[in-house]
>>> print(open('target-v4.cif').read())   # mmCIF, C-alpha atoms
data_data
loop_
_atom_site.label_atom_id
_atom_site.label_comp_id
_atom_site.auth_asym_id
_atom_site.auth_seq_id
_atom_site.Cartn_x
_atom_site.Cartn_y
_atom_site.Cartn_z
CA MET A 1 0.00 0.00 0.00
CA ASP A 2 1.29 3.48 -0.88
CA TYR A 3 0.55 5.38 2.30
CA SER A 4 2.28 8.48 0.91
CA ARG A 5 -0.74 9.21 -1.31
CA LEU A 6 -2.69 10.01 1.84
CA CYS A 7 -0.34 12.90 2.52
CA ARG A 8 -0.99 14.71 -0.73
CA GLY A 9 -3.44 17.55 -1.01
CA GLY A 10 -6.26 17.45 -3.54
CA GLY A 11 -7.61 14.64 -5.68
CA ASP A 12 -8.21 11.19 -4.30
CA GLY A 13 -5.32 11.62 -1.87
CA HIS A 14 -7.01 14.49 0.01
CA LEU A 15 -7.42 13.65 3.70
CA GLU A 16 -10.80 15.32 3.99
CA ALA A 17 -12.21 12.68 1.66
CA LEU A 18 -11.43 9.97 4.21
CA THR A 19 -13.70 9.21 7.14
CA GLY A 20 -12.57 7.84 10.45
CA ASP A 21 -13.78 4.39 9.42
CA ASN A 22 -11.66 4.59 6.26
CA ILE A 23 -8.60 5.45 8.31
CA ASP A 24 -9.29 2.57 10.69
CA LEU A 25 -9.62 0.18 7.76
CA ILE A 26 -6.37 1.35 6.17
CA ALA A 27 -4.40 1.31 9.42
CA ALA A 28 -5.72 -2.13 10.32
CA HIS A 29 -4.01 -3.53 7.21
CA LEU A 30 -0.69 -1.79 7.80
CA ASP A 31 2.12 -3.09 9.94
CA VAL A 32 3.25 -1.16 13.01
CA THR A 33 6.02 0.84 11.33
CA TYR A 34 3.82 1.95 8.44
CA THR A 35 1.04 2.91 10.84
CA VAL A 36 3.48 5.25 12.59
CA ARG A 37 4.51 6.71 9.23
CA LEU A 38 0.86 7.14 8.31
CA ALA A 39 0.31 9.02 11.58
CA ALA A 40 3.21 11.31 10.65
CA CYS A 41 1.54 12.40 7.42
CA SER A 42 -0.70 14.92 9.17
CA ARG A 43 -1.93 16.00 12.56
CA GLU A 44 -5.39 14.83 11.60
CA LEU A 45 -4.16 11.32 10.89
CA TYR A 46 -2.08 11.32 14.06
CA ASP A 47 -5.12 12.23 16.15
CA MET A 48 -7.28 9.58 14.47
CA ILE A 49 -4.76 6.79 14.95
CA SER A 50 -3.78 7.76 18.49
CA LYS A 51 -7.43 7.82 19.59
CA ASP A 52 -7.93 4.35 18.14
CA GLU A 53 -4.92 2.86 19.90
CA GLY A 54 -7.04 0.75 22.24
CA LYS A 55 -8.45 -1.17 19.28
CA MET A 56 -5.34 -1.70 17.21
CA HIS A 57 -1.86 -1.24 18.57
CA HIS A 58 -1.44 -0.71 22.32
CA TRP A 59 1.35 1.79 22.10
CA ASP A 60 3.93 2.18 24.85
CA GLU A 61 3.50 -1.26 26.42
CA PRO A 62 6.28 -3.83 25.99
CA CYS A 63 5.58 -6.43 23.31
CA LEU A 64 7.48 -9.47 22.12
CA LEU A 65 9.37 -8.88 18.89
CA MET A 66 10.06 -12.27 17.32
CA PRO A 67 9.90 -14.31 14.13
CA PRO A 68 6.52 -15.76 13.16
CA PRO A 69 6.24 -19.31 14.54
CA ALA A 70 6.35 -20.77 11.02
CA TYR A 71 9.81 -19.27 10.55
CA TRP A 72 11.13 -19.63 14.08
CA PHE A 73 14.25 -21.53 13.00
CA ASP A 74 16.83 -20.73 10.37
CA GLU A 75 16.06 -22.50 7.14
CA HIS A 76 18.56 -24.38 5.05
CA TRP A 77 20.35 -21.89 2.83
CA ASP A 78 18.83 -23.11 -0.48
CA VAL A 79 15.29 -22.98 0.94
CA ALA A 80 15.87 -19.56 2.42
CA ARG A 81 17.11 -18.21 -0.91
CA ALA A 82 13.84 -19.22 -2.55
CA SER A 83 11.80 -16.83 -0.40
CA ARG A 84 13.22 -13.99 1.67
CA LEU A 85 9.94 -12.37 2.77
CA HIS A 86 10.09 -13.85 6.26
CA ASP A 87 13.59 -12.42 6.71
CA THR A 88 12.13 -8.94 7.03
CA VAL A 89 8.59 -9.40 8.43
CA TYR A 90 8.24 -10.21 12.12
CA ASP A 91 5.56 -10.57 14.76
CA LEU A 92 5.03 -7.86 17.37
CA VAL A 93 2.96 -9.49 20.11
CA PRO A 94 1.24 -7.53 22.89
CA LEU A 95 0.86 -9.88 25.83
CA ASP A 96 -2.93 -9.66 25.97
CA HIS A 97 -3.98 -8.45 22.53
CA PRO A 98 -3.81 -9.59 18.90
CA ARG A 99 -0.35 -9.80 17.40
CA ARG A 100 0.66 -7.39 14.67
CA SER A 101 3.18 -7.67 11.89
CA VAL A 102 6.19 -5.37 11.71
CA ALA A 103 8.21 -4.89 8.53
CA LEU A 104 11.95 -4.43 9.05
CA PRO A 105 13.44 -4.38 5.54
CA PHE A 106 16.86 -3.45 6.89
CA MET A 107 17.03 -6.87 8.60
CA HIS A 108 17.55 -8.69 5.29
CA ASP A 109 20.52 -11.03 5.84
CA ARG A 110 21.09 -9.51 9.28
CA LYS A 111 20.71 -10.66 12.89
CA TRP A 112 19.63 -8.32 15.63
CA LEU A 113 22.02 -8.16 18.55
CA GLY A 114 20.14 -5.83 20.91
CA ALA A 115 17.67 -2.95 21.08
CA ASN A 116 16.82 0.18 23.01
CA GLY A 117 13.80 2.36 22.26
CA ASP A 118 13.41 2.78 18.49
CA TRP A 119 16.91 1.51 17.70
CA ILE A 120 18.15 -1.98 16.89
CA ALA A 121 21.76 -3.14 16.83
CA ALA A 122 22.20 -5.52 13.91
CA ALA A 123 24.98 -7.40 12.16
CA ASP A 124 25.61 -9.15 8.88
CA HIS A 125 28.73 -11.17 8.08
CA HIS A 126 30.89 -8.05 7.77
CA GLU A 127 29.43 -5.09 9.66
CA TRP A 128 27.73 -4.04 12.87
CA CYS A 129 25.29 -1.14 12.68
CA LEU A 130 22.52 0.75 14.44
CA VAL A 131 19.21 1.16 12.60
CA ASN A 132 16.09 3.10 13.56
CA VAL A 133 12.98 0.94 13.28
CA TYR A 134 10.77 3.73 11.91
CA THR A 135 13.07 5.99 9.90
CA GLU A 136 15.51 3.21 8.86
CA ARG A 137 18.41 5.58 9.51
CA HIS A 138 21.54 3.45 9.31
CA ILE A 139 24.66 4.13 11.40
CA PRO A 140 27.64 1.87 10.63
CA LEU A 141 29.77 0.97 13.62
CA PRO A 142 33.57 0.69 13.72
CA SER A 143 35.17 -2.73 13.75
CA LEU A 144 36.63 -4.21 16.88
CA PRO A 145 40.39 -3.59 17.19
CA ASP A 146 42.40 -6.15 15.20
CA SER A 147 45.04 -6.05 17.88
CA LYS A 148 42.61 -7.64 20.35
CA ILE A 149 40.05 -9.72 18.44
CA ASP A 150 39.98 -11.99 15.40
CA HIS A 151 36.70 -11.96 13.51
CA SER A 152 35.81 -14.61 10.96
CA SER A 153 32.73 -16.30 9.52
CA PHE A 154 32.04 -19.99 9.94
CA SER A 155 28.95 -21.66 8.46
CA TYR A 156 27.42 -18.24 7.86
CA GLN A 157 27.78 -17.38 11.56
CA PRO A 158 30.28 -14.77 12.82
CA ALA A 159 33.01 -16.19 15.02
CA TYR A 160 35.32 -14.34 17.38
CA SER A 161 38.46 -15.17 19.31
CA PHE A 162 41.20 -13.46 21.22
CA ASN A 163 44.33 -12.98 19.14
CA TRP A 164 46.12 -15.26 21.56
CA GLY A 165 43.79 -18.18 20.87
CA PRO A 166 40.65 -18.76 22.97
CA ALA A 167 37.29 -18.48 21.21
CA ILE A 168 34.76 -16.10 22.69
CA ASP A 169 31.00 -15.80 22.18
CA LEU A 170 29.24 -12.54 21.39
CA LEU A 171 26.21 -12.38 23.67
CA LYS A 172 24.64 -9.06 22.68
CA ILE A 173 25.18 -5.40 21.88
CA VAL A 174 23.89 -3.25 24.74
CA ILE A 175 22.60 0.11 23.46
CA CYS A 176 23.16 2.16 26.60
CA GLN A 177 22.34 5.51 24.99
CA VAL A 178 20.54 5.89 21.68
CA PRO A 179 21.70 8.33 18.99
CA THR A 180 19.73 11.57 18.73
CA LYS A 181 19.24 14.24 16.12
CA GLY A 182 20.50 16.88 18.57
CA GLY A 183 23.71 14.90 18.94
CA ARG A 184 24.07 14.53 15.15
CA TYR A 185 23.43 10.80 15.69
CA ALA A 186 26.93 10.43 17.12
CA ASP A 187 26.03 10.56 20.83
CA TYR A 188 25.33 6.86 21.27
CA LYS A 189 27.00 4.63 23.86
CA LEU A 190 27.35 0.88 23.32
CA ILE A 191 28.68 -2.21 25.07
CA ALA A 192 29.76 -5.26 23.06
CA LEU A 193 29.21 -8.02 25.59
CA PHE A 194 31.15 -11.24 25.11
CA ASP A 195 31.22 -14.10 27.57
CA LYS A 196 34.90 -13.52 28.37
CA THR A 197 35.45 -9.83 27.63
CA ILE A 198 33.72 -6.47 27.14
CA PHE A 199 34.22 -3.58 24.73
CA TYR A 200 32.85 -0.06 25.18
CA LEU A 201 32.11 2.51 22.45
CA GLU A 202 31.10 6.16 22.44
CA GLY A 203 29.90 7.65 19.15
CA GLY A 204 32.71 9.02 17.03
CA GLY A 205 35.35 6.99 18.84
CA ASP A 206 36.78 3.49 18.71
CA TRP A 207 35.94 0.37 20.69
CA ARG A 208 37.87 0.16 23.97
CA MET A 209 38.50 -3.14 25.69
CA LEU A 210 37.70 -3.21 29.41
CA GLU A 211 40.46 -4.78 31.45
CA ALA A 212 39.50 -7.96 33.31
CA LEU A 213 40.30 -8.37 36.96
CA THR A 214 41.61 -11.91 36.48
CA PRO A 215 44.29 -12.71 33.88
CA ALA A 216 44.08 -15.51 31.33
CA PRO A 217 43.14 -18.31 31.50
CA ASP A 218 40.85 -17.44 34.47
CA TYR A 219 38.44 -15.40 32.40
CA PRO A 220 35.24 -14.03 33.90
CA ASN A 221 31.92 -15.41 32.71
CA TYR A 222 29.91 -12.30 31.89
CA CYS A 223 26.18 -12.63 31.28
CA ASP A 224 24.77 -9.08 31.38
CA ALA A 225 25.97 -5.47 31.33
CA ILE A 226 24.63 -1.91 31.38
CA GLU A 227 25.99 1.65 31.60
CA LEU A 228 24.87 3.85 34.47
CA ARG A 229 26.00 7.38 35.34
CA GLY A 230 29.21 7.13 33.33
CA HIS A 231 30.17 3.66 34.53
CA VAL A 232 29.94 0.24 32.86
CA PHE A 233 28.62 -2.58 35.04
CA ALA A 234 28.87 -6.27 34.19
CA VAL A 235 27.71 -9.29 36.20
CA ASP A 236 29.52 -12.63 36.29
CA GLU A 237 27.20 -15.60 35.82
CA THR A 238 29.40 -17.87 37.93
CA ASP A 239 28.65 -16.24 41.28
CA GLY A 240 26.82 -12.93 40.68
CA SER A 241 29.83 -10.68 41.34
CA THR A 242 29.41 -7.32 39.59
CA TYR A 243 32.37 -5.44 38.08
CA PHE A 244 32.35 -1.77 37.13
CA TRP A 245 34.63 0.60 35.23
CA ASP A 246 34.72 4.40 35.04
CA THR A 247 34.30 5.27 31.34
CA ALA A 248 35.86 8.70 31.91
CA ASN A 249 39.15 6.90 32.42
CA GLU A 250 40.64 6.56 28.95
CA ASN A 251 42.64 3.50 29.94
CA LEU A 252 39.65 1.75 31.55
CA MET A 253 41.81 0.28 34.28
CA LEU A 254 40.96 -2.70 36.47
CA PRO A 255 37.40 -2.62 37.76
CA PHE A 256 35.87 -2.33 41.21
CA VAL A 257 34.11 -5.48 42.39
CA ILE A 258 30.70 -5.58 44.09
CA PRO A 259 30.03 -8.85 45.95
CA PRO A 260 26.82 -10.71 45.04
CA PRO A 261 23.72 -10.07 47.18
CA VAL A 262 23.08 -13.81 47.63
CA VAL A 263 25.62 -16.55 48.25
CA ASP A 264 24.29 -20.12 48.19
CA ASP A 265 24.35 -23.29 46.11
CA GLN A 266 21.54 -22.30 43.72
CA GLN A 267 22.24 -21.62 40.04
CA TYR A 268 20.77 -18.24 39.14
CA ALA A 269 20.17 -16.29 35.98
CA TRP A 270 21.53 -12.79 36.66
CA PHE A 271 20.34 -9.53 35.11
CA LEU A 272 21.29 -5.87 35.57
CA ALA A 273 19.01 -2.85 35.21
CA PRO A 274 18.90 0.81 36.24
CA SER A 275 16.29 1.88 38.78
CA ALA A 276 13.26 3.81 37.53
CA ASP A 277 14.92 7.13 38.39
CA GLY A 278 18.21 6.07 36.75
CA LYS A 279 20.25 6.65 39.92
CA ARG A 280 20.68 3.16 41.36
CA LEU A 281 21.88 -0.17 40.06
CA MET A 282 19.50 -3.11 40.30
CA ILE A 283 20.50 -6.75 40.14
CA ILE A 284 17.80 -9.32 39.40
CA LEU A 285 18.21 -13.04 39.90
CA THR A 286 15.91 -15.94 39.14
CA VAL A 287 16.47 -19.65 39.54
CA ASN A 288 18.12 -20.74 36.31
CA LYS A 289 15.97 -23.82 35.77
CA ILE A 290 12.26 -24.27 36.18
CA GLY A 291 10.32 -27.48 36.20
CA ILE A 292 8.56 -30.08 38.30
CA ALA A 293 10.19 -32.71 40.45
CA ASN A 294 8.79 -35.61 38.44
CA ALA A 295 9.86 -33.91 35.19
CA GLU A 296 6.32 -33.69 33.87
CA VAL A 297 5.84 -30.81 31.47
CA PRO A 298 2.64 -28.81 32.04
CA PRO A 299 0.30 -28.74 29.06
CA ASP A 300 0.24 -25.74 26.75
CA ILE A 301 -2.76 -23.45 27.20
CA PRO A 302 -3.57 -21.61 23.93
CA TYR A 303 -4.22 -17.92 24.53
CA ALA A 304 -6.87 -16.82 22.07
CA ALA A 305 -5.99 -13.13 22.51
CA ASN A 306 -2.71 -13.43 20.60
CA GLY A 307 -2.02 -17.08 19.76
CA LEU A 308 0.70 -17.52 22.39
CA GLN A 309 1.09 -20.82 24.23
CA LEU A 310 1.02 -20.44 28.02
CA ARG A 311 2.06 -22.82 30.78
CA GLN A 312 1.86 -22.82 34.56
CA TYR A 313 4.92 -23.80 36.60
CA PRO A 314 5.51 -23.97 40.34
CA PRO A 315 6.81 -20.74 41.91
CA VAL A 316 10.33 -19.65 40.93
CA ALA A 317 12.50 -17.75 43.38
CA THR A 318 12.99 -14.24 42.00
CA TYR A 319 14.81 -11.48 43.83
CA VAL A 320 15.56 -7.82 43.12
CA PHE A 321 18.28 -5.88 44.95
CA GLU A 322 19.59 -2.34 44.48
CA LEU A 323 22.35 -0.03 45.62
CA ASP A 324 23.95 3.30 44.77
CA PRO A 325 27.32 2.00 43.57
CA LEU A 326 28.99 5.37 43.20
CA SER A 327 28.34 6.57 46.74
CA THR A 328 29.30 3.23 48.26
CA ALA A 329 32.40 2.89 46.07
CA ARG A 330 34.02 5.80 47.86
CA ALA A 331 33.39 4.15 51.20
CA GLY A 332 34.23 0.69 49.91
CA ASP A 333 31.10 -0.68 51.55
CA PHE A 334 28.76 -2.32 49.05
CA LEU A 335 25.47 -3.27 50.70
CA TRP A 336 22.62 -4.47 48.54
CA ARG A 337 19.11 -3.59 49.64
CA GLN A 338 16.34 -6.00 48.70
CA VAL A 339 13.46 -4.53 46.70
CA ASN A 340 10.24 -6.24 47.75
CA SER A 341 7.93 -4.38 45.41
CA LEU A 342 8.13 -2.56 42.09
CA SER A 343 4.81 -0.87 42.88
CA ASP A 344 3.13 0.15 39.59
CA HIS A 345 6.12 -0.89 37.48
CA SER A 346 7.31 -4.12 35.90
CA LEU A 347 10.72 -5.05 34.54
CA PHE A 348 11.25 -6.53 31.06
CA LEU A 349 14.69 -8.09 30.73
CA GLY A 350 16.53 -9.94 28.01
CA LEU A 351 18.38 -9.13 24.82
CA ASN A 352 16.96 -5.58 24.87
CA TYR A 353 18.11 -2.79 27.15
CA PRO A 354 16.06 -3.16 30.38
CA ILE A 355 12.55 -1.72 30.11
CA ILE A 356 10.91 -0.41 33.28
CA ALA A 357 7.27 -0.03 32.29
CA ASN A 358 4.71 1.93 34.29
CA LEU A 359 1.65 -0.32 34.36
CA LYS A 360 -0.45 1.67 36.81
CA LYS A 361 -3.66 0.75 34.99
CA ARG A 362 -2.87 -2.96 35.16
CA GLU A 363 -3.65 -5.38 37.99
CA SER A 364 -0.89 -7.17 39.88
CA LYS A 365 -2.86 -10.43 40.01
CA ALA A 366 -5.58 -12.14 37.99
CA PRO A 367 -8.99 -11.83 39.70
CA ASP A 368 -9.71 -15.53 39.23
CA GLY A 369 -6.17 -16.80 39.82
CA THR A 370 -5.58 -17.76 36.18
CA LEU A 371 -2.63 -16.92 33.96
CA VAL A 372 -4.35 -14.07 32.15
CA PRO A 373 -4.20 -11.18 31.72
CA PHE A 374 -0.52 -11.87 31.21
CA MET A 375 0.61 -8.23 31.45
CA ARG A 376 0.68 -7.19 35.11
CA LYS A 377 2.42 -4.69 37.35
CA ASN A 378 4.95 -5.57 40.05
CA CYS A 379 6.38 -8.42 37.98
CA VAL A 380 9.70 -9.38 36.43
CA TYR A 381 9.54 -10.62 32.83
CA THR A 382 12.57 -12.39 31.41
CA ALA A 383 13.23 -13.44 27.81
CA TYR A 384 16.27 -14.64 25.88
CA ARG A 385 19.37 -13.38 27.66
CA ASN A 386 21.56 -13.30 24.57
CA ILE A 387 21.57 -14.17 20.89
CA ARG A 388 22.93 -17.69 21.50
CA TYR A 389 20.85 -18.68 24.49
CA ASN A 390 18.77 -21.38 22.82
CA GLN A 391 18.51 -23.80 25.72
CA TYR A 392 15.96 -21.70 27.59
CA PRO A 393 13.22 -20.86 25.06
CA LYS A 394 10.69 -19.54 27.54
CA ILE A 395 9.36 -16.15 28.58
CA LEU A 396 8.84 -15.99 32.34
CA ARG A 397 6.59 -13.76 34.42
CA CYS A 398 7.46 -13.78 38.12
CA ASN A 399 5.41 -11.80 40.62
CA LEU A 400 7.51 -10.17 43.33
CA GLN A 401 4.66 -10.53 45.82
CA PRO A 402 2.97 -13.81 44.87
CA ASP A 403 -0.01 -15.20 46.71
CA GLU A 404 0.32 -18.56 48.39
CA GLY A 405 0.30 -21.25 45.73
CA GLU A 406 0.49 -18.74 42.88
CA THR A 407 2.12 -20.26 39.81
CA VAL A 408 4.65 -18.74 37.45
CA GLY A 409 3.32 -17.71 34.06
CA VAL A 410 5.39 -18.96 31.14
CA ILE A 411 5.10 -18.25 27.42
CA SER A 412 6.22 -21.44 25.72
CA LEU A 413 8.08 -20.80 22.47
CA PRO A 414 8.81 -23.41 19.78
CA LYS A 415 11.12 -26.14 21.01
CA ASP A 416 14.74 -25.95 20.02
CA GLY A 417 16.08 -28.72 17.86
CA TRP A 418 19.29 -29.05 15.93
CA ASP A 419 18.55 -25.80 14.11
CA SER A 420 19.27 -22.41 15.66
CA VAL A 421 16.61 -19.82 16.37
CA ARG A 422 16.51 -17.30 13.53
CA GLN A 423 16.20 -14.34 15.88
CA ALA A 424 16.02 -14.45 19.67
CA ALA A 425 12.72 -13.00 20.93
CA MET A 426 13.14 -9.68 22.74
CA TRP A 427 11.03 -6.94 24.30
CA PHE A 428 10.13 -3.88 22.23
CA LYS A 429 7.83 -0.93 22.93
CA PRO A 430 6.03 0.43 19.85
CA ALA A 431 5.88 4.20 20.13
CA LEU A 432 3.46 6.41 18.24
CA ASN A 433 4.94 9.61 19.67
CA ILE A 434 7.96 9.24 17.39
CA ALA A 435 5.67 10.59 14.66
CA ARG A 436 5.90 13.93 16.48
CA SER A 437 9.61 13.90 17.23
CA VAL A 438 11.49 12.12 14.43
CA LEU A 439 9.20 11.79 11.43
CA PRO A 440 8.10 14.94 9.55
CA LEU A 441 4.65 15.59 11.01
CA LYS A 442 2.92 17.78 8.46
CA LYS A 443 0.23 20.40 9.01
CA GLN A 444 -2.96 20.20 7.00
#
>>> encode(input="target-v4.cif", output="structure tokens")
Amino acid sequence: MDYSRLCRGGGDGHLEALTGDNIDLIAAHLDVTYTVRLAACSRELYDMISKDEGKMHHWDEPCLLMPPPAYWFDEHWDVARASRLHDTVYDLVPLDHPRRSVALPFMHDRKWLGANGDWIAAADHHEWCLVNVYTERHIPLPSLPDSKIDHSSFSYQPAYSFNWGPAIDLLKIVICQVPTKGGRYADYKLIALFDKTIFYLEGGGDWRMLEALTPAPDYPNYCDAIELRGHVFAVDETDGSTYFWDTANENLMLPFVIPPPVVDDQQYAWFLAPSADGKRLMIILTVNKIGIANAEVPPDIPYAANGLQLRQYPPVATYVFELDPLSTARAGDFLWRQVNSLSDHSLFLGLNYPIIANLKKRESKAPDGTLVPFMRKNCVYTAYRNIRYNQYPKILRCNLQPDEGETVGVISLPKDGWDSVRQAAMWFKPALNIARSVLPLKKQ
């Protein structure tokens, strides 16, 4: 559909010739990105589409961005060459409403590596880049320093290793600060998170390798990282220790170490996130494996609202702690404080930069004790932790204040086989307000 005709004055493209029902019908057949572009054509269209958000799109609530189930796995190369449509069209799934399609033509022959707001970090076999979902602005990123990292391609998958031998796995690109027009799109801040090392990049500069506290071969085992108040924080999956570096230091010397908030024999999945006000560091941990003692798998419960498959599991221990690392660093006394409630907020963690969503209008529990509605406040939602994390294809919802006997809600994704997942599912918030800020909103 040529939505640009709606922006022209006069003739059959004149907006005054279209009724609200016509606009609804047109927008209902457009994907999310084109609906935003349609809203940017005029203030009249913006008002019509924004008022109809409850029926169609559910702007500003986290959704799952993922491949359609029919194309969940990578196809064999000769099959994939025959039809490339599914390489660029994805599902955007609100947790309690019908799924929508989203066209991302820039993803042809690319993998996404992370996201923040309207920006996706993507890679092909040769280049990393940042791309805006709505404007498709493309920002190429510099290569990692050859003096530190070898980059090659094996079986159409990028491979990395230290120059002195050991292979390393790229987990994700953390978009800590998105590029802006006011910063000439060069004010971004990124973390390239590998399992054994970390690189940091500020727009216009080069990647800098963060020094590890332990020398080879005793590498750390990083699993998540963020940037907060000019410092890079990374958590070690082995024991939950958190390292942080001052990015103002050009040499990025050895890091400070924050001890884990919990020390026991459990295996946890660790996540990092900023607090809602952006001042404190939060660490989130959930038990790494879920299941039932007798190994029975709960049946899938089809959710008619969006076609997702839900399951109920026994409660999973989930904890949130926070501290102000910069004030305690000076005193050398790192004391985590447990957060027992997120109040009207929920956390959405995974491949994307952490999303702290205000869900004041949502309930914290289902009135009848069932799994739905699946979107609730005061919960922690976890998805794929990195681009290679195929052994845990589930989306978990854990209530921080569960009732006695309350189960954990799980979105069951297609089972992993020998093939790799084409794109790891991640959280994404569709935003209509970008039509006012980035796209050229025209006056009628």
>>> resolve_selection(input="target-v4.cif", expression="the PyMOL selection byres ((chain A and resi 427) around 8)", output="list in words")
Pro62, Cys63, Leu64, Leu65, Phe348, Leu349, Gly350, Leu351, Asn352, Ile355, Ala383, Ala425, Met426, Phe428 and Lys429 of chain A
>>> resolve_selection(input="target-v4.cif", expression="the PyMOL selection byres ((chain A and resi 361) around 12)", output="short mmCIF file (atom, residue, chain, number, x, y, z; two decimals) with C-alpha atoms, keeping the file's coordinate frame")
data_model
loop_
_atom_site.label_atom_id
_atom_site.label_comp_id
_atom_site.auth_asym_id
_atom_site.auth_seq_id
_atom_site.Cartn_x
_atom_site.Cartn_y
_atom_site.Cartn_z
CA GLU A 61 3.50 -1.26 26.42
CA SER A 343 4.81 -0.87 42.88
CA ASP A 344 3.13 0.15 39.59
CA HIS A 345 6.12 -0.89 37.48
CA ALA A 357 7.27 -0.03 32.29
CA ASN A 358 4.71 1.93 34.29
CA LEU A 359 1.65 -0.32 34.36
CA LYS A 360 -0.45 1.67 36.81
CA ARG A 362 -2.87 -2.96 35.16
CA GLU A 363 -3.65 -5.38 37.99
CA SER A 364 -0.89 -7.17 39.88
CA MET A 375 0.61 -8.23 31.45
CA ARG A 376 0.68 -7.19 35.11
CA LYS A 377 2.42 -4.69 37.35
CA ASN A 378 4.95 -5.57 40.05
#
>>> resolve_selection(input="target-v4.cif", expression="the PyMOL selection byres ((chain A and resi 192) around 12)", output="ChimeraX atom specification")
/A:113-114,121-122,128,141-144,168-176,189-191,193-202,207-210,222-227,232,234,386
>>> closest_residue(input="target-v4.cif", among="A:Pro94, A:His126, A:Pro298, A:Leu371", to="A:Asp109", atoms="all atoms listed in the file")
A:His126
>>> closest_residue(input="target-v4.cif", among="A:Gly117, A:Pro354, A:Pro68, A:Pro98", to="A:Asn433", atoms="all atoms listed in the file")
A:Gly117
>>> atom_distance(input="target-v4.cif", atom1="atom CA of A:Glu250", atom2="atom CA of A:Ala186")
18.5 Å
>>> closest_residue(input="target-v4.cif", among="A:Pro299, A:Pro220, A:Pro430, A:Pro261", to="A:Val339", atoms="only C-alpha atoms")
A:Pro261
>>> residues_around(input="target-v4.cif", residues="A:Tyr46", least_positions_apart="4", cutoff="10 Å", atoms="only C-alpha atoms", output="compact mmCIF listing (two decimals) with C-alpha atoms, keeping the file's coordinate frame")
# COMPACT_ATOMS: atom_id res chain seq x y z
CA THR A 35 1.04 2.91 10.84
CA VAL A 36 3.48 5.25 12.59
CA ARG A 37 4.51 6.71 9.23
CA LEU A 38 0.86 7.14 8.31
CA ALA A 39 0.31 9.02 11.58
CA ALA A 40 3.21 11.31 10.65
CA CYS A 41 1.54 12.40 7.42
CA SER A 42 -0.70 14.92 9.17
CA SER A 50 -3.78 7.76 18.49
CA LYS A 51 -7.43 7.82 19.59
CA ASP A 52 -7.93 4.35 18.14
CA LEU A 432 3.46 6.41 18.24
CA ASN A 433 4.94 9.61 19.67
CA ALA A 435 5.67 10.59 14.66
CA ARG A 436 5.90 13.93 16.48
CA LEU A 441 4.65 15.59 11.01
CA LYS A 442 2.92 17.78 8.46
>>> residues_around(input="target-v4.cif", residues="stretch 244-248 of chain A", least_positions_apart="6", cutoff="6 Å", atoms="all atoms listed in the file", output="list in words")
Gly230, His231, Val232, Phe233, Pro255 and Phe256 of chain A
>>> residues_around(input="target-v4.cif", residues="A:Ser101", least_positions_apart="6", cutoff="8 Å", atoms="all atoms listed in the file", output="list in words")
Asp31, Val32, Val89, Tyr90, Asp91 and Leu92 of chain A
>>> residues_around(input="target-v4.cif", residues="stretch 266-276 of chain A", least_positions_apart="6", cutoff="7 Å", atoms="all atoms listed in the file", output="PDB file with C-alpha atoms, in the frame of the given file")
ATOM      1  CA  ASP A 224      24.770  -9.080  31.380  1.00  0.00           C
ATOM      2  CA  ALA A 225      25.970  -5.470  31.330  1.00  0.00           C
ATOM      3  CA  ILE A 226      24.630  -1.910  31.380  1.00  0.00           C
ATOM      4  CA  LEU A 228      24.870   3.850  34.470  1.00  0.00           C
ATOM      5  CA  GLU A 237      27.200 -15.600  35.820  1.00  0.00           C
ATOM      6  CA  GLY A 240      26.820 -12.930  40.680  1.00  0.00           C
ATOM      7  CA  MET A 282      19.500  -3.110  40.300  1.00  0.00           C
ATOM      8  CA  ILE A 283      20.500  -6.750  40.140  1.00  0.00           C
ATOM      9  CA  ILE A 284      17.800  -9.320  39.400  1.00  0.00           C
ATOM     10  CA  LEU A 285      18.210 -13.040  39.900  1.00  0.00           C
ATOM     11  CA  THR A 286      15.910 -15.940  39.140  1.00  0.00           C
ATOM     12  CA  VAL A 287      16.470 -19.650  39.540  1.00  0.00           C
ATOM     13  CA  ASN A 288      18.120 -20.740  36.310  1.00  0.00           C
ATOM     14  CA  PRO A 354      16.060  -3.160  30.380  1.00  0.00           C
ATOM     15  CA  ILE A 356      10.910  -0.410  33.280  1.00  0.00           C
TER      16      ILE A 356
END
>>> atom_distance(input="target-v4.cif", atom1="atom CA of A:Leu308", atom2="atom CA of A:Pro67")
12.8 Å
